[in-house]
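**Q** The structure is given below, and queries will be raised subsequently.
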Amino acid sequence: MTLPHRTRRLLTSALCTLSALALVPALSGPAAGTSAPGPRAAADAAGFTDDFDGPAGSAVDGGKWQIETGDNVSNHERQYYTAGNSNAALDGQGHLVITARRENPNNYQCWYGTCEYTSARLNTSGKFSQTYGHVEARMKVPRGQGMWPAFWMLGDDIGQVGWPNCGEIDVMENVGFEPSTVHGTLHGPGYSGSEGIGAPYSLPGGQAFADDFHTFAVDWAPDSVTWSVDGNVYQRRTPADLGGRTWVFDKPFFLILNLAVGGDWPGNPDGGTAFPQQLVVDHVRVTTSGVRPPA
């Protein structure tokens, strides 16, 4: 099926350009349930780790994350991303909680008028980026029509070459109208927006991702990216999937976590959407690895 074009504007002044998130139907790749690559060698080094330890109510570690602020006209999202710990705070139990609320305490103005919601978006640009390795986040997603949590990466050279030439790796996206399904996608020159290359993964038996924590990961090596959920591989992409288009995933990328409300893909919240909603993040880890995903 054809899915709508979706874009996300980077909100920080240092990253004043466009990025996009879009999915297409599953292409060829490993069947769901395939085991992820085996245990990593003891020599593997932690490139980045955040277990979100700290007092309840405190902001994220500013040495690791920067917080973006503003609205998003490019994607027609409804939230205003706030600074500090207003919508992104530690819970004192080893979690980061990104909270979306139906509120506007400071008369924020959005592309459609007075903003209706607040939320948060964090990235590691200028603080951490890496080429290749195992990238994962253990999270519990929110639920409800209009919710759109995501864990993704952008090429570190976005300021020089722009999007989509910088490349984008979407480790996990979920939209509220698909409670049992997440998506992983690549975007690059000639395969961005609705032409992004990706696949969905669904839990068995109609289980909802919002019911529990799950680990969303990619194993990224030269000329391949492999996605898994809770260790179950559901797709692998290589330059052969691009039909001659340019592979732009052999350079440093930085991390992004956000919880959007509404937008062209998920649609807007409706009367059945309860607020507040939370994306609860147990950890984010990036390790170097000499292990190539299985052929």
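Each chain of the structure tokens is named A, B, ... in the order shown, its residues numbered from 1; ligands are numbered from 1 in display order.
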List every residue of stretch 31-121 of chain A that has an atom at most 6 Å from any atom of stretch 264-277 of chain A, and for each one report the closest atom pair and its distance in Å to one decimal, counting only C-alpha atoms, with rows sorted by chain and then by increasing residue number, as a Markdown table.
**A**
```
| residue | atom | partner | partner_atom | distance |
| --- | --- | --- | --- | --- |
| A:Thr99 | CA | A:Gln277 | CA | 5.7 |
| A:Ala100 | CA | A:Gln277 | CA | 5.2 |
| A:Arg101 | CA | A:Pro276 | CA | 4.6 |
```
**Q** Those same residues - N, CA and C atoms - I'd like them written as a PDB file, in the first residue's frame.
**A**
```pdb
ATOM      1  N   THR A  99       6.600  12.897  28.389  1.00  0.00           N
ATOM      2  CA  THR A  99       5.158  12.993  28.630  1.00  0.00           C
ATOM      3  C   THR A  99       4.508  13.951  27.644  1.00  0.00           C
ATOM      4  N   ALA A 100       3.476  13.482  26.985  1.00  0.00           N
ATOM      5  CA  ALA A 100       2.643  14.322  26.123  1.00  0.00           C
ATOM      6  C   ALA A 100       1.391  14.699  26.909  1.00  0.00           C
ATOM      7  N   ARG A 101       1.115  15.992  26.959  1.00  0.00           N
ATOM      8  CA  ARG A 101      -0.038  16.472  27.723  1.00  0.00           C
ATOM      9  C   ARG A 101      -0.938  17.328  26.837  1.00  0.00           C
TER      10      ARG A 101
END
```
**Q** Return as an MDAnalysis selection string the full set of residues in stretch 61-106 of chain A whose backbone-based DSSP assignment is strand (DSSP E).
**A** chainID A and resid 66:68 79:81 88:90 96:100
**Q** Restrict the selected residues to all heavy atoms and save them as a short mmCIF file (atom, residue, chain, number, x, y, z; two decimals), in the first residue's frame.
**A**
```
data_model
loop_
_atom_site.label_atom_id
_atom_site.label_comp_id
_atom_site.auth_asym_id
_atom_site.auth_seq_id
_atom_site.Cartn_x
_atom_site.Cartn_y
_atom_site.Cartn_z
N GLN A 66 20.67 17.00 24.00
CA GLN A 66 20.14 18.35 23.90
C GLN A 66 18.65 18.25 23.62
O GLN A 66 18.18 17.27 23.01
CB GLN A 66 20.84 19.18 22.83
CG GLN A 66 20.71 18.69 21.41
CD GLN A 66 21.33 19.68 20.43
OE1 GLN A 66 21.32 20.90 20.67
NE2 GLN A 66 21.86 19.17 19.33
N ILE A 67 17.90 19.22 24.09
CA ILE A 67 16.44 19.20 23.97
C ILE A 67 16.02 20.22 22.92
O ILE A 67 16.40 21.39 22.98
CB ILE A 67 15.78 19.50 25.32
CG1 ILE A 67 16.19 18.43 26.35
CG2 ILE A 67 14.26 19.55 25.19
CD1 ILE A 67 15.63 18.66 27.74
N GLU A 68 15.25 19.75 21.95
CA GLU A 68 14.73 20.63 20.91
C GLU A 68 13.43 21.28 21.37
O GLU A 68 12.68 20.70 22.15
CB GLU A 68 14.49 19.84 19.62
CG GLU A 68 15.74 19.13 19.10
CD GLU A 68 15.47 18.35 17.84
OE1 GLU A 68 14.72 18.84 16.97
OE2 GLU A 68 16.01 17.24 17.71
N GLN A 79 1.87 19.00 18.68
CA GLN A 79 2.51 19.32 19.95
C GLN A 79 3.50 20.48 19.81
O GLN A 79 3.99 20.79 18.73
CB GLN A 79 3.26 18.11 20.51
CG GLN A 79 4.64 17.84 19.91
CD GLN A 79 4.59 17.36 18.49
OE1 GLN A 79 3.67 16.64 18.11
NE2 GLN A 79 5.56 17.74 17.68
N TYR A 80 3.81 21.08 20.96
CA TYR A 80 4.93 22.01 21.09
C TYR A 80 5.96 21.31 21.96
O TYR A 80 5.66 20.87 23.07
CB TYR A 80 4.48 23.32 21.75
CG TYR A 80 5.56 24.38 21.78
CD1 TYR A 80 5.63 25.35 20.78
CD2 TYR A 80 6.51 24.42 22.80
CE1 TYR A 80 6.62 26.33 20.80
CE2 TYR A 80 7.50 25.40 22.83
CZ TYR A 80 7.55 26.34 21.82
OH TYR A 80 8.54 27.30 21.83
N TYR A 81 7.18 21.18 21.46
CA TYR A 81 8.26 20.56 22.23
C TYR A 81 8.86 21.58 23.19
O TYR A 81 9.31 22.65 22.77
CB TYR A 81 9.34 20.02 21.30
CG TYR A 81 8.94 18.81 20.50
CD1 TYR A 81 9.08 18.79 19.11
CD2 TYR A 81 8.44 17.67 21.13
CE1 TYR A 81 8.73 17.66 18.37
CE2 TYR A 81 8.09 16.54 20.40
CZ TYR A 81 8.24 16.55 19.03
OH TYR A 81 7.90 15.43 18.30
N ALA A 88 10.16 16.09 29.71
CA ALA A 88 11.15 15.00 29.67
C ALA A 88 11.90 15.01 30.99
O ALA A 88 12.68 15.93 31.26
CB ALA A 88 12.11 15.17 28.51
N ALA A 89 11.65 14.02 31.83
CA ALA A 89 12.23 14.01 33.17
C ALA A 89 12.50 12.57 33.62
O ALA A 89 11.84 11.63 33.16
CB ALA A 89 11.31 14.70 34.17
N LEU A 90 13.47 12.42 34.50
CA LEU A 90 13.72 11.12 35.11
C LEU A 90 12.66 10.83 36.16
O LEU A 90 12.11 11.76 36.77
CB LEU A 90 15.11 11.11 35.76
CG LEU A 90 16.28 11.54 34.87
CD1 LEU A 90 17.60 11.36 35.64
CD2 LEU A 90 16.30 10.80 33.56
N LEU A 96 13.72 7.39 31.83
CA LEU A 96 13.35 8.69 31.27
C LEU A 96 11.88 8.62 30.87
O LEU A 96 11.47 7.67 30.21
CB LEU A 96 14.20 9.00 30.03
CG LEU A 96 13.67 10.11 29.11
CD1 LEU A 96 13.69 11.46 29.81
CD2 LEU A 96 14.47 10.13 27.80
N VAL A 97 11.10 9.60 31.26
CA VAL A 97 9.69 9.65 30.91
C VAL A 97 9.44 10.89 30.06
O VAL A 97 9.61 12.02 30.51
CB VAL A 97 8.78 9.67 32.16
CG1 VAL A 97 7.32 9.69 31.74
CG2 VAL A 97 9.07 8.47 33.05
N ILE A 98 9.08 10.66 28.80
CA ILE A 98 8.67 11.75 27.91
C ILE A 98 7.15 11.78 27.93
O ILE A 98 6.50 10.81 27.57
CB ILE A 98 9.19 11.53 26.48
CG1 ILE A 98 10.72 11.50 26.47
CG2 ILE A 98 8.66 12.62 25.55
CD1 ILE A 98 11.32 11.25 25.09
N THR A 99 6.60 12.90 28.39
CA THR A 99 5.16 12.99 28.63
C THR A 99 4.51 13.95 27.64
O THR A 99 4.94 15.10 27.48
CB THR A 99 4.88 13.47 30.06
OG1 THR A 99 5.51 12.57 30.99
CG2 THR A 99 3.38 13.51 30.34
N ALA A 100 3.48 13.48 26.99
CA ALA A 100 2.64 14.32 26.12
C ALA A 100 1.39 14.70 26.91
O ALA A 100 0.71 13.82 27.45
CB ALA A 100 2.27 13.59 24.85
#
```
**Q** Name the residues of stretch 152-292 of chain A that come out as helix (DSSP H, G or I) in a backbone DSSP run; write them as number ranges by chain.
**A** A: 158-161, 193-195, 204-206, 209-211, 239-242
**Q** Dump N, CA and C atoms for the selected residues as a short mmCIF file (atom, residue, chain, number, x, y, z; two decimals), in the first residue's frame?
**A**
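The result, written out as again_36.cif:
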```
data_model
loop_
_atom_site.label_atom_id
_atom_site.label_comp_id
_atom_site.auth_asym_id
_atom_site.auth_seq_id
_atom_site.Cartn_x
_atom_site.Cartn_y
_atom_site.Cartn_z
N ILE A 158 24.24 16.27 8.35
CA ILE A 158 22.99 16.88 7.87
C ILE A 158 23.13 18.38 7.66
N GLY A 159 23.93 19.05 8.48
CA GLY A 159 24.11 20.48 8.32
C GLY A 159 24.84 20.86 7.04
N GLN A 160 25.61 19.92 6.50
CA GLN A 160 26.37 20.18 5.28
C GLN A 160 25.63 19.72 4.02
N VAL A 161 25.03 18.54 4.08
CA VAL A 161 24.43 17.97 2.86
C VAL A 161 22.91 17.98 2.86
N GLY A 193 10.81 9.92 2.24
CA GLY A 193 9.37 10.13 2.29
C GLY A 193 8.64 8.83 2.04
N SER A 194 7.70 8.85 1.13
CA SER A 194 6.91 7.65 0.85
C SER A 194 7.71 6.58 0.14
N GLU A 195 8.94 6.89 -0.28
CA GLU A 195 9.80 5.91 -0.95
C GLU A 195 10.80 5.28 0.02
N PRO A 204 2.72 -11.13 18.43
CA PRO A 204 1.74 -12.20 18.21
C PRO A 204 0.50 -12.03 19.09
N GLY A 205 -0.59 -12.59 18.64
CA GLY A 205 -1.79 -12.66 19.46
C GLY A 205 -2.43 -11.34 19.79
N GLY A 206 -2.15 -10.31 18.99
CA GLY A 206 -2.79 -9.03 19.24
C GLY A 206 -2.29 -8.29 20.47
N PHE A 209 2.13 -3.10 22.18
CA PHE A 209 3.44 -2.67 22.64
C PHE A 209 3.36 -1.80 23.89
N ALA A 210 2.25 -1.12 24.10
CA ALA A 210 2.11 -0.26 25.27
C ALA A 210 1.95 -1.04 26.57
N ASP A 211 1.74 -2.35 26.48
CA ASP A 211 1.50 -3.14 27.69
C ASP A 211 2.76 -3.44 28.47
N PRO A 239 22.82 -2.47 0.27
CA PRO A 239 22.74 -1.68 -0.96
C PRO A 239 21.95 -2.35 -2.07
N ALA A 240 21.85 -3.67 -2.05
CA ALA A 240 21.08 -4.38 -3.08
C ALA A 240 19.61 -4.03 -3.05
N ASP A 241 19.10 -3.54 -1.90
CA ASP A 241 17.69 -3.16 -1.78
C ASP A 241 17.39 -1.80 -2.40
N LEU A 242 18.43 -1.06 -2.79
CA LEU A 242 18.22 0.33 -3.20
C LEU A 242 18.05 0.51 -4.69
#
```
**Q** Using only C-alpha atoms, which protein or nucleic acid residues come within 12 Å of A:Asp282? Drop anything in the same chain fewer than 4 positions from it, and give the result as a ChimeraX atom specification.
**A** /A:49-53,90-98,136-141,212-216
**Q** Using N, CA and C atoms, can you write the selected residues to a file as a PDB file, in the first residue's frame?
**A**
```pdb
ATOM      1  N   THR A  49      25.939   5.139  26.520  1.00  0.00           N
ATOM      2  CA  THR A  49      24.971   4.466  27.381  1.00  0.00           C
ATOM      3  C   THR A  49      24.315   5.485  28.294  1.00  0.00           C
ATOM      4  N   ASP A  50      23.014   5.356  28.451  1.00  0.00           N
ATOM      5  CA  ASP A  50      22.280   6.166  29.419  1.00  0.00           C
ATOM      6  C   ASP A  50      21.216   5.280  30.042  1.00  0.00           C
ATOM      7  N   ASP A  51      21.370   5.030  31.344  1.00  0.00           N
ATOM      8  CA  ASP A  51      20.406   4.241  32.108  1.00  0.00           C
ATOM      9  C   ASP A  51      19.435   5.125  32.872  1.00  0.00           C
ATOM     10  N   PHE A  52      19.543   6.430  32.693  1.00  0.00           N
ATOM     11  CA  PHE A  52      18.605   7.409  33.232  1.00  0.00           C
ATOM     12  C   PHE A  52      18.457   7.309  34.744  1.00  0.00           C
ATOM     13  N   ASP A  53      19.580   7.127  35.402  1.00  0.00           N
ATOM     14  CA  ASP A  53      19.592   7.142  36.863  1.00  0.00           C
ATOM     15  C   ASP A  53      19.675   8.577  37.349  1.00  0.00           C
ATOM     16  N   LEU A  90      13.468  12.419  34.501  1.00  0.00           N
ATOM     17  CA  LEU A  90      13.725  11.122  35.112  1.00  0.00           C
ATOM     18  C   LEU A  90      12.656  10.835  36.156  1.00  0.00           C
ATOM     19  N   ASP A  91      12.355   9.545  36.363  1.00  0.00           N
ATOM     20  CA  ASP A  91      11.324   9.193  37.345  1.00  0.00           C
ATOM     21  C   ASP A  91      11.888   8.707  38.671  1.00  0.00           C
ATOM     22  N   GLY A  92      13.227   8.715  38.802  1.00  0.00           N
ATOM     23  CA  GLY A  92      13.843   8.262  40.046  1.00  0.00           C
ATOM     24  C   GLY A  92      13.948   6.760  40.161  1.00  0.00           C
ATOM     25  N   GLN A  93      13.471   6.032  39.148  1.00  0.00           N
ATOM     26  CA  GLN A  93      13.512   4.564  39.151  1.00  0.00           C
ATOM     27  C   GLN A  93      14.264   4.024  37.931  1.00  0.00           C
ATOM     28  N   GLY A  94      15.152   4.857  37.391  1.00  0.00           N
ATOM     29  CA  GLY A  94      15.970   4.426  36.274  1.00  0.00           C
ATOM     30  C   GLY A  94      15.306   4.541  34.924  1.00  0.00           C
ATOM     31  N   HIS A  95      14.367   5.480  34.782  1.00  0.00           N
ATOM     32  CA  HIS A  95      13.683   5.675  33.504  1.00  0.00           C
ATOM     33  C   HIS A  95      13.674   7.152  33.127  1.00  0.00           C
ATOM     34  N   LEU A  96      13.716   7.393  31.827  1.00  0.00           N
ATOM     35  CA  LEU A  96      13.348   8.693  31.269  1.00  0.00           C
ATOM     36  C   LEU A  96      11.884   8.617  30.871  1.00  0.00           C
ATOM     37  N   VAL A  97      11.103   9.605  31.264  1.00  0.00           N
ATOM     38  CA  VAL A  97       9.689   9.647  30.910  1.00  0.00           C
ATOM     39  C   VAL A  97       9.442  10.893  30.056  1.00  0.00           C
ATOM     40  N   ILE A  98       9.085  10.663  28.800  1.00  0.00           N
ATOM     41  CA  ILE A  98       8.671  11.751  27.907  1.00  0.00           C
ATOM     42  C   ILE A  98       7.152  11.783  27.931  1.00  0.00           C
ATOM     43  N   GLU A 136      20.448   0.289  20.573  1.00  0.00           N
ATOM     44  CA  GLU A 136      19.183  -0.206  21.122  1.00  0.00           C
ATOM     45  C   GLU A 136      18.610   0.733  22.160  1.00  0.00           C
ATOM     46  N   ALA A 137      17.292   0.654  22.300  1.00  0.00           N
ATOM     47  CA  ALA A 137      16.575   1.332  23.373  1.00  0.00           C
ATOM     48  C   ALA A 137      15.515   0.376  23.908  1.00  0.00           C
ATOM     49  N   ARG A 138      15.426   0.287  25.227  1.00  0.00           N
ATOM     50  CA  ARG A 138      14.371  -0.503  25.866  1.00  0.00           C
ATOM     51  C   ARG A 138      13.309   0.482  26.337  1.00  0.00           C
ATOM     52  N   MET A 139      12.097   0.338  25.814  1.00  0.00           N
ATOM     53  CA  MET A 139      11.076   1.356  26.022  1.00  0.00           C
ATOM     54  C   MET A 139       9.697   0.737  26.168  1.00  0.00           C
ATOM     55  N   LYS A 140       8.806   1.483  26.789  1.00  0.00           N
ATOM     56  CA  LYS A 140       7.374   1.185  26.777  1.00  0.00           C
ATOM     57  C   LYS A 140       6.681   2.364  26.121  1.00  0.00           C
ATOM     58  N   VAL A 141       5.969   2.092  25.037  1.00  0.00           N
ATOM     59  CA  VAL A 141       5.383   3.167  24.249  1.00  0.00           C
ATOM     60  C   VAL A 141       4.021   3.572  24.823  1.00  0.00           C
ATOM     61  N   ASP A 212       3.947  -3.345  27.834  1.00  0.00           N
ATOM     62  CA  ASP A 212       5.172  -3.741  28.516  1.00  0.00           C
ATOM     63  C   ASP A 212       6.368  -3.104  27.821  1.00  0.00           C
ATOM     64  N   PHE A 213       7.542  -3.243  28.443  1.00  0.00           N
ATOM     65  CA  PHE A 213       8.777  -2.785  27.834  1.00  0.00           C
ATOM     66  C   PHE A 213       9.206  -3.763  26.734  1.00  0.00           C
ATOM     67  N   HIS A 214       9.801  -3.205  25.684  1.00  0.00           N
ATOM     68  CA  HIS A 214      10.378  -4.005  24.611  1.00  0.00           C
ATOM     69  C   HIS A 214      11.686  -3.355  24.180  1.00  0.00           C
ATOM     70  N   THR A 215      12.603  -4.167  23.669  1.00  0.00           N
ATOM     71  CA  THR A 215      13.904  -3.678  23.226  1.00  0.00           C
ATOM     72  C   THR A 215      13.920  -3.588  21.710  1.00  0.00           C
ATOM     73  N   PHE A 216      14.139  -2.381  21.216  1.00  0.00           N
ATOM     74  CA  PHE A 216      14.161  -2.093  19.785  1.00  0.00           C
ATOM     75  C   PHE A 216      15.608  -1.810  19.390  1.00  0.00           C
TER      76      PHE A 216
END
```
**Q** Give me, please, the distance in Å between atom CA of A:Ala56 and atom CA of A:Thr124, quoted to one decimal.
**A**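 Atom-to-atom, atom CA of A:Ala56 to atom CA of A:Thr124, that is 22.0 Å.
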**Q** For A:Ala260, list every protein, DNA or RNA residue within 8 Å, evaluated using only C-alpha atoms, and leave out those in the same chain fewer than 5 positions away; present the list as an MDAnalysis selection string.
**A** chainID A and resid 77:79 100 119:120 147:149
**Q** Within 12 Å of A:Asp71, counting only C-alpha atoms, which residues qualify if same-chain residues fewer than 2 places away don't, as JSON, numbers by chain?
**A** {"A": [8, 9, 10, 11, 12, 68, 69, 73, 74, 75, 76, 77, 78, 79, 80, 81, 82, 108, 109, 110, 111, 112, 113, 114, 115, 116, 117, 118, 119, 120, 121, 260, 261, 262, 263]}
**Q** Need the shell around A:Lys64: protein/DNA/RNA residues with any atom at most 12 Å away, counting only C-alpha atoms. Skip same-chain ones fewer than 6 positions apart. Format as number ranges by chain?
**A** A: 47-52, 122-129, 254-256, 284-285
**Q** Quote the spacing between atom CA of A:Gly231 and atom CA of A:Ile169 in Å to one decimal place.
**A**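 Separation of atom CA of A:Gly231 and atom CA of A:Ile169: 18.1 Å.
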**Q** Between atom CA of A:Gly70 and atom CA of A:Arg102, what distance in Å does the model show, to one decimal?
**A** 15.7 Å
**Q** Can you tell me, as a VMD selection string, what residues are no more than 8 Å from A:Val218 when counting only C-alpha atoms, ignoring any on the same chain fewer than 3 positions away?
**A** chain A and resid 134 to 136 171 225 to 228
**Q** Please write the residues from the selection above to a file, keeping all heavy atoms, as a PDB file, in the first residue's frame.
**A**
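Final output, saved to part-v5.pdb:
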```
ATOM      1  N   HIS A 134      25.911  -1.806  17.537  1.00  0.00           N
ATOM      2  CA  HIS A 134      24.598  -2.238  18.008  1.00  0.00           C
ATOM      3  C   HIS A 134      23.946  -1.058  18.718  1.00  0.00           C
ATOM      4  O   HIS A 134      24.501  -0.511  19.675  1.00  0.00           O
ATOM      5  CB  HIS A 134      24.741  -3.419  18.966  1.00  0.00           C
ATOM      6  CG  HIS A 134      23.453  -3.904  19.537  1.00  0.00           C
ATOM      7  ND1 HIS A 134      22.596  -4.738  18.840  1.00  0.00           N
ATOM      8  CD2 HIS A 134      22.857  -3.667  20.736  1.00  0.00           C
ATOM      9  CE1 HIS A 134      21.538  -5.008  19.601  1.00  0.00           C
ATOM     10  NE2 HIS A 134      21.671  -4.366  20.748  1.00  0.00           N
ATOM     11  N   VAL A 135      22.779  -0.653  18.238  1.00  0.00           N
ATOM     12  CA  VAL A 135      22.060   0.516  18.761  1.00  0.00           C
ATOM     13  C   VAL A 135      20.729   0.027  19.293  1.00  0.00           C
ATOM     14  O   VAL A 135      19.942  -0.566  18.546  1.00  0.00           O
ATOM     15  CB  VAL A 135      21.839   1.564  17.657  1.00  0.00           C
ATOM     16  CG1 VAL A 135      21.137   2.800  18.227  1.00  0.00           C
ATOM     17  CG2 VAL A 135      23.156   1.950  16.991  1.00  0.00           C
ATOM     18  N   GLU A 136      20.448   0.289  20.573  1.00  0.00           N
ATOM     19  CA  GLU A 136      19.183  -0.206  21.122  1.00  0.00           C
ATOM     20  C   GLU A 136      18.610   0.733  22.160  1.00  0.00           C
ATOM     21  O   GLU A 136      19.314   1.513  22.809  1.00  0.00           O
ATOM     22  CB  GLU A 136      19.356  -1.592  21.745  1.00  0.00           C
ATOM     23  CG  GLU A 136      20.090  -1.621  23.073  1.00  0.00           C
ATOM     24  CD  GLU A 136      19.998  -2.990  23.759  1.00  0.00           C
ATOM     25  OE1 GLU A 136      20.163  -4.007  23.070  1.00  0.00           O
ATOM     26  OE2 GLU A 136      19.764  -3.007  24.997  1.00  0.00           O
ATOM     27  N   VAL A 171      14.958   3.371  13.891  1.00  0.00           N
ATOM     28  CA  VAL A 171      15.047   2.116  14.640  1.00  0.00           C
ATOM     29  C   VAL A 171      13.656   1.625  15.012  1.00  0.00           C
ATOM     30  O   VAL A 171      13.352   0.435  14.899  1.00  0.00           O
ATOM     31  CB  VAL A 171      15.912   2.297  15.897  1.00  0.00           C
ATOM     32  CG1 VAL A 171      16.053   0.970  16.648  1.00  0.00           C
ATOM     33  CG2 VAL A 171      17.297   2.862  15.543  1.00  0.00           C
ATOM     34  N   VAL A 225      22.115  -3.009   7.490  1.00  0.00           N
ATOM     35  CA  VAL A 225      21.426  -2.624   8.715  1.00  0.00           C
ATOM     36  C   VAL A 225      20.377  -3.697   8.982  1.00  0.00           C
ATOM     37  O   VAL A 225      19.580  -4.031   8.098  1.00  0.00           O
ATOM     38  CB  VAL A 225      20.745  -1.242   8.608  1.00  0.00           C
ATOM     39  CG1 VAL A 225      20.073  -0.886   9.940  1.00  0.00           C
ATOM     40  CG2 VAL A 225      21.747  -0.158   8.212  1.00  0.00           C
ATOM     41  N   THR A 226      20.369  -4.239  10.204  1.00  0.00           N
ATOM     42  CA  THR A 226      19.462  -5.318  10.583  1.00  0.00           C
ATOM     43  C   THR A 226      18.652  -4.887  11.795  1.00  0.00           C
ATOM     44  O   THR A 226      19.223  -4.456  12.794  1.00  0.00           O
ATOM     45  CB  THR A 226      20.257  -6.601  10.913  1.00  0.00           C
ATOM     46  OG1 THR A 226      21.035  -6.980   9.777  1.00  0.00           O
ATOM     47  CG2 THR A 226      19.326  -7.740  11.296  1.00  0.00           C
ATOM     48  N   TRP A 227      17.331  -5.012  11.705  1.00  0.00           N
ATOM     49  CA  TRP A 227      16.425  -4.586  12.773  1.00  0.00           C
ATOM     50  C   TRP A 227      15.938  -5.784  13.588  1.00  0.00           C
ATOM     51  O   TRP A 227      15.674  -6.864  13.036  1.00  0.00           O
ATOM     52  CB  TRP A 227      15.197  -3.910  12.189  1.00  0.00           C
ATOM     53  CG  TRP A 227      15.366  -2.517  11.693  1.00  0.00           C
ATOM     54  CD1 TRP A 227      14.972  -1.365  12.309  1.00  0.00           C
ATOM     55  CD2 TRP A 227      15.911  -2.112  10.427  1.00  0.00           C
ATOM     56  NE1 TRP A 227      15.258  -0.282  11.520  1.00  0.00           N
ATOM     57  CE2 TRP A 227      15.835  -0.714  10.362  1.00  0.00           C
ATOM     58  CE3 TRP A 227      16.472  -2.819   9.351  1.00  0.00           C
ATOM     59  CZ2 TRP A 227      16.290   0.017   9.264  1.00  0.00           C
ATOM     60  CZ3 TRP A 227      16.935  -2.112   8.253  1.00  0.00           C
ATOM     61  CH2 TRP A 227      16.846  -0.700   8.218  1.00  0.00           C
ATOM     62  N   SER A 228      15.746  -5.559  14.888  1.00  0.00           N
ATOM     63  CA  SER A 228      15.178  -6.605  15.744  1.00  0.00           C
ATOM     64  C   SER A 228      14.310  -5.986  16.824  1.00  0.00           C
ATOM     65  O   SER A 228      14.478  -4.815  17.201  1.00  0.00           O
ATOM     66  CB  SER A 228      16.284  -7.453  16.390  1.00  0.00           C
ATOM     67  OG  SER A 228      17.112  -6.664  17.233  1.00  0.00           O
TER      68      SER A 228
END
```
